[in-house]
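Comments concern the structure below.
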Amino acid sequence: MPQRVARPEIVALLCDAEFKQFHETGTWSHRDGSSFTTQERDLIFQATPAGF
């Protein structure tokens with residue numbers, strides 16, 4: 001079984017995410033209410049179970 005390697009940048013984004021999607025944009029937001037940037041969304045979608 002390959003060794004798992006945590007990706008801290010993805011873990012940090014997931015920990016800061018408010019998982020209610022904005023209906024207008026279909027995106028998530030940070031806990032402070034700001035929307036994820038395009039770069040943050042792209043990074044989140046790279047998440048795999050092996051990265052945790």
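All residue names refer to the structure tokens as shown: chains lettered A, B, ... in order, residues numbered from 1 in each chain, ligands numbered from 1 in order.
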
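By only C-alpha atoms, and with residues fewer than 5 positions from Leu14 of chain A along its chain excluded, the set lying at most 12 Å from it is A:Arg7, A:Pro8, A:Glu9, A:Phe19, A:Trp28, A:Ser29, A:His30, A:Arg31, A:Phe36, A:Glu40, A:Arg41, A:Leu43, A:Ile44, A:Phe45, A:Gln46, A:Ala47, A:Gly51, A:Phe52.
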
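Taking atom CA of Ala6 of chain A and atom CA of Gln39 of chain A as the two end points, the separation is 18.9 Å.
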
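The space separating atom CA of Gly33 of chain A from atom CA of Asp16 of chain A comes to 10.3 Å.
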
| query | So how many Å separate atom CA of Asp32 of chain A and atom CA of Thr48 of chain A, to one decimal? | reply | 25.1 Å
